[in-house]
>>> print(open('final15.cif').read())   # mmCIF, C-alpha atoms
data_start
loop_
_atom_site.label_atom_id
_atom_site.label_comp_id
_atom_site.auth_asym_id
_atom_site.auth_seq_id
_atom_site.Cartn_x
_atom_site.Cartn_y
_atom_site.Cartn_z
CA MET A 125 105.14 99.97 94.78
CA ASP A 126 102.67 102.79 94.91
CA SER A 127 103.22 103.57 98.57
CA LYS A 128 102.77 107.31 98.07
CA GLY A 129 99.26 106.94 96.65
CA PHE A 130 98.31 104.45 99.37
CA ILE A 131 99.51 106.81 102.13
CA VAL A 132 97.67 109.77 100.63
CA ARG A 133 94.39 107.86 100.20
CA VAL A 134 94.44 106.73 103.83
CA LEU A 135 95.49 110.04 105.36
CA THR A 136 92.97 112.12 103.44
CA LYS A 137 90.17 110.03 105.00
CA GLU A 138 91.52 110.43 108.54
CA GLU A 139 90.53 113.37 110.72
CA ARG A 140 93.84 114.97 111.66
CA SER A 141 94.73 118.42 112.94
CA ASP A 142 97.94 118.52 110.89
CA GLN A 143 98.35 118.92 107.14
CA PHE A 144 100.40 115.85 106.24
CA VAL A 145 98.66 115.65 102.87
CA THR A 146 98.40 119.15 101.48
CA THR A 147 96.72 118.83 98.09
CA ILE A 148 95.10 116.31 95.83
CA ARG A 149 94.80 117.11 92.14
CA ARG A 150 92.56 115.33 89.67
CA ASN A 151 94.05 114.91 86.21
CA LYS A 152 91.88 114.00 83.26
CA GLN A 153 92.93 110.59 81.98
CA LYS A 154 91.09 110.39 78.68
CA ALA A 155 88.77 112.46 76.54
CA LEU A 156 85.05 111.85 76.77
CA PRO A 157 83.86 111.03 73.22
CA PHE A 158 80.09 111.34 73.37
CA GLY A 159 79.50 114.95 74.38
CA LEU A 160 76.71 115.92 76.76
CA ALA A 161 75.92 112.42 78.07
CA TYR A 162 79.49 111.99 79.28
CA GLN A 163 79.56 115.53 80.67
CA ILE A 164 76.59 114.60 82.87
CA VAL A 165 78.34 111.41 84.04
CA ASP A 166 81.46 113.50 84.61
CA PHE A 167 79.47 116.03 86.64
CA LEU A 168 77.97 113.28 88.80
CA GLY A 169 81.45 112.14 89.79
CA ASP A 170 82.39 109.08 87.78
CA ASP A 171 86.02 108.58 88.84
CA ASP A 172 86.82 106.01 86.13
CA ASP A 173 87.85 108.75 83.71
CA TYR A 174 90.38 110.33 86.07
CA ALA A 175 93.82 109.47 87.35
CA ASN A 176 94.80 110.99 90.68
CA ALA A 177 98.10 112.80 91.08
CA TYR A 178 99.18 113.39 94.66
CA ASP A 179 101.27 115.99 96.40
CA LEU A 180 102.64 114.61 99.63
CA GLU A 181 104.46 117.04 101.91
CA ILE A 182 106.19 115.98 105.09
CA ASN A 183 109.15 117.34 107.07
CA CYS A 184 111.55 114.83 105.57
CA SER A 185 111.70 112.90 102.31
CA LEU A 186 109.53 109.80 101.92
CA GLU A 187 112.66 107.69 101.50
CA ASN A 188 113.75 108.67 105.03
CA THR A 189 110.47 107.39 106.50
CA GLN A 190 110.55 103.98 104.84
CA LEU A 191 112.13 100.63 105.55
CA ILE A 192 112.47 98.08 102.75
CA VAL A 193 113.21 94.41 103.44
CA GLU A 194 113.84 92.15 100.44
CA SER A 195 114.33 88.42 100.27
CA ILE A 196 116.12 87.50 97.07
CA PRO A 197 116.13 83.72 96.58
CA LEU A 198 119.07 81.72 95.27
CA ASN A 199 116.78 78.92 94.07
CA ARG A 200 114.90 79.55 90.82
CA CYS A 201 111.74 77.90 92.16
CA LEU A 202 111.28 80.60 94.79
CA LYS A 203 109.89 84.10 94.35
CA LYS A 204 111.43 87.37 95.47
CA PHE A 205 109.53 89.19 98.23
CA SER A 206 109.73 92.82 99.20
CA LEU A 207 108.30 94.37 102.37
CA LEU A 208 107.90 98.14 102.53
CA ILE A 209 107.07 99.81 105.83
CA SER A 210 106.35 103.54 105.76
CA CYS A 211 105.94 105.82 108.75
CA ALA A 212 103.79 108.96 108.61
CA PRO A 213 104.05 110.97 111.81
CA SER A 214 101.02 113.02 112.79
CA LEU A 215 100.34 115.16 115.84
CA GLU A 216 98.13 112.64 117.64
CA TYR A 217 99.20 109.37 116.01
CA CYS A 218 101.92 107.67 114.09
CA TYR A 219 100.58 106.00 110.96
CA LEU A 220 102.39 102.89 109.74
CA PHE A 221 101.83 101.44 106.29
CA GLU A 222 102.76 97.87 105.39
CA MET A 223 103.00 96.71 101.78
CA ALA A 224 104.44 93.42 100.56
CA HIS A 225 104.96 92.33 96.96
CA GLN A 226 106.11 89.09 95.36
CA TYR A 227 108.11 88.98 92.14
CA SER A 228 108.45 86.03 89.79
CA LEU A 229 111.73 85.08 88.17
CA LYS A 230 111.88 86.23 84.52
CA GLY A 231 115.35 85.09 83.56
CA PHE A 232 118.72 84.26 85.03
CA GLY A 233 118.83 86.37 88.20
CA GLU A 234 116.21 88.79 86.83
CA PHE A 235 112.82 89.27 88.47
CA ASP A 236 109.61 90.81 87.20
CA HIS A 237 109.61 94.59 87.84
CA THR A 238 105.93 95.07 88.64
CA GLY A 239 105.28 92.21 91.01
CA LYS A 240 102.05 91.20 92.67
CA GLU A 241 100.81 92.91 95.80
CA VAL A 242 100.20 90.35 98.55
CA VAL A 243 99.77 92.59 101.63
CA ARG A 244 98.48 96.14 102.03
CA ARG A 245 97.63 97.29 105.55
CA TRP A 246 97.88 100.40 107.65
CA TYR A 247 97.94 101.04 111.35
CA ARG A 248 97.21 104.06 113.56
CA VAL A 249 99.39 103.95 116.66
CA SER A 250 99.20 106.34 119.60
CA TRP A 251 102.51 107.92 120.53
CA ASN A 252 102.16 106.43 124.03
CA ASP A 253 101.76 102.87 122.75
CA GLY A 254 104.70 100.57 122.29
CA ALA A 255 105.53 99.26 118.83
CA SER A 256 106.69 95.77 119.80
CA GLY A 257 103.31 94.08 119.22
CA LEU A 258 102.95 95.72 115.81
CA ILE A 259 106.50 94.79 114.85
CA ASP A 260 105.79 91.17 115.82
CA LYS A 261 102.59 91.20 113.73
CA ILE A 262 104.28 92.61 110.62
CA SER A 263 107.33 90.36 110.87
CA SER A 264 105.29 87.20 111.46
CA SER A 265 103.11 88.05 108.44
CA TYR A 266 106.22 88.46 106.27
CA ILE A 267 107.76 85.23 107.56
CA SER A 268 104.46 83.45 106.83
CA LEU A 269 104.64 84.66 103.20
CA LEU A 270 108.19 83.34 102.88
CA ARG A 271 107.29 79.97 104.43
CA SER A 272 104.28 79.60 102.14
CA ASN A 273 106.51 80.29 99.14
CA ILE A 274 109.01 77.66 100.27
CA ASP A 275 106.23 75.11 100.92
CA ASP A 276 104.80 75.74 97.43
CA ALA A 277 108.24 75.27 95.84
CA ILE A 278 108.82 72.02 97.76
CA GLY A 279 105.39 70.77 96.65
CA LYS A 280 106.25 71.44 93.00
CA ILE A 281 109.65 69.75 93.23
CA GLY A 282 108.52 66.72 95.24
#
>>> encode(input="final15.cif", output="C-alpha cells")
Amino acid sequence: MDSKGFIVRVLTKEERSDQFVTTIRRNKQKALPFGLAYQIVDFLGDDDDYANAYDLEINCSLENTQLIVESIPLNRCLKKFSLLISCAPSLEYCYLFEMAHQYSLKGFGEFDHTGKEVVRRWYRVSWNDGASGLIDKISSSYISLLRSNIDDAIGKIG
C-alpha cells in the first residue's frame, strides 16, 4: 500500500501552518528521446515522465501512526482484505487516511502481494470533534466490503 505517497499528496494541497510534509523531490523516470520537442513538453510541466519521491517527516515513525486490520479467510473462495488507517496530526486538525485493499488467493494459503485498492479516503477532523462517528463510518465501510465478498462467494458456490 502506498500510504506514504497518498498522505503526502493530500497534505501538500492543504493549507497548514505546520510542516508535516517537508520536501517533495521530482525524479526523472525515463530519458526523453526526441530532443527539443520533448524539452518543450518537459518545460510546460508534463508529469508523465516523472516519478515522485517523497520525504515525509513527522515526530514519530509512520508505523506508529497506523492501524492495520486484516481479514484472512479460511475458505479459498473468499478474498483477503486489509484496512490501513493512518493518522497525521497537524496543529489545527487531525488528518485520517483510510485505505482498503483486497487480495486474491494465488496458491495454498498464499495471497497476491499487490492487491487491488478498493477504498481510498481521507478526513480532516478538528481536535474538538469526537471520533466516534468517523470510526463508525470506516468500520461499517469495511464490514460492507467483507459482506459483499461473502455474498459473491455464496453466489458462485450456489
>>> residues_near_point(input="final15.cif", point="(115.8, 85.7, 98.5)", cutoff="12 Å", atoms="only C-alpha atoms", output="mmCIF file with C-alpha atoms, in the coordinates of the input")
data_model
loop_
_atom_site.group_PDB
_atom_site.id
_atom_site.type_symbol
_atom_site.label_atom_id
_atom_site.label_comp_id
_atom_site.auth_asym_id
_atom_site.auth_seq_id
_atom_site.Cartn_x
_atom_site.Cartn_y
_atom_site.Cartn_z
ATOM 1 C CA VAL A 193 113.210 94.410 103.440
ATOM 2 C CA GLU A 194 113.840 92.150 100.440
ATOM 3 C CA SER A 195 114.330 88.420 100.270
ATOM 4 C CA ILE A 196 116.120 87.500 97.070
ATOM 5 C CA PRO A 197 116.130 83.720 96.580
ATOM 6 C CA LEU A 198 119.070 81.720 95.270
ATOM 7 C CA ASN A 199 116.780 78.920 94.070
ATOM 8 C CA ARG A 200 114.900 79.550 90.820
ATOM 9 C CA CYS A 201 111.740 77.900 92.160
ATOM 10 C CA LEU A 202 111.280 80.600 94.790
ATOM 11 C CA LYS A 203 109.890 84.100 94.350
ATOM 12 C CA LYS A 204 111.430 87.370 95.470
ATOM 13 C CA PHE A 205 109.530 89.190 98.230
ATOM 14 C CA SER A 206 109.730 92.820 99.200
ATOM 15 C CA GLN A 226 106.110 89.090 95.360
ATOM 16 C CA TYR A 227 108.110 88.980 92.140
ATOM 17 C CA SER A 228 108.450 86.030 89.790
ATOM 18 C CA LEU A 229 111.730 85.080 88.170
ATOM 19 C CA GLY A 233 118.830 86.370 88.200
ATOM 20 C CA PHE A 235 112.820 89.270 88.470
ATOM 21 C CA LEU A 270 108.190 83.340 102.880
ATOM 22 C CA ARG A 271 107.290 79.970 104.430
ATOM 23 C CA ASN A 273 106.510 80.290 99.140
ATOM 24 C CA ILE A 274 109.010 77.660 100.270
#
>>> atom_distance(input="final15.cif", atom1="atom CA of Asp275 of chain A", atom2="atom CA of Val242 of chain A")
16.6 Å
>>> atom_distance(input="final15.cif", atom1="atom CA of Ile209 of chain A", atom2="atom CA of Tyr247 of chain A")
10.7 Å
>>> atom_distance(input="final15.cif", atom1="atom CA of Val243 of chain A", atom2="atom CA of Glu222 of chain A")
7.1 Å
>>> axis_aligned_box(input="final15.cif", around="segment 231-243 of chain A", padding_each_side="5 Å", output="lines of an AutoDock Vina configuration file")
center_x = 109.3
center_y = 89.7
center_z = 92.6
size_x = 29.1
size_y = 20.8
size_z = 28.1
>>> resolve_selection(input="final15.cif", expression="the PyMOL selection byres ((chain A and resi 248) around 8)", output="list in words")
Tyr217, Cys218, Tyr219, Leu220, Trp246, Tyr247, Val249 and Ser250 of chain A
>>> resolve_selection(input="final15.cif", expression="the PyMOL selection byres ((chain A and resi 215) around 10)", output="PyMOL selection string")
chain A and resi 140-144+213-214+216-218+250-251
>>> resolve_selection(input="final15.cif", expression="the PyMOL selection byres ((chain A and resi 240) around 6)", output="PyMOL selection string")
chain A and resi 225-226+239+241
>>> closest_residue(input="final15.cif", among="A:Ile267, A:Leu208, A:Leu191, A:Ala277", to="Arg245 of chain A", atoms="all atoms listed in the file")
A:Leu208
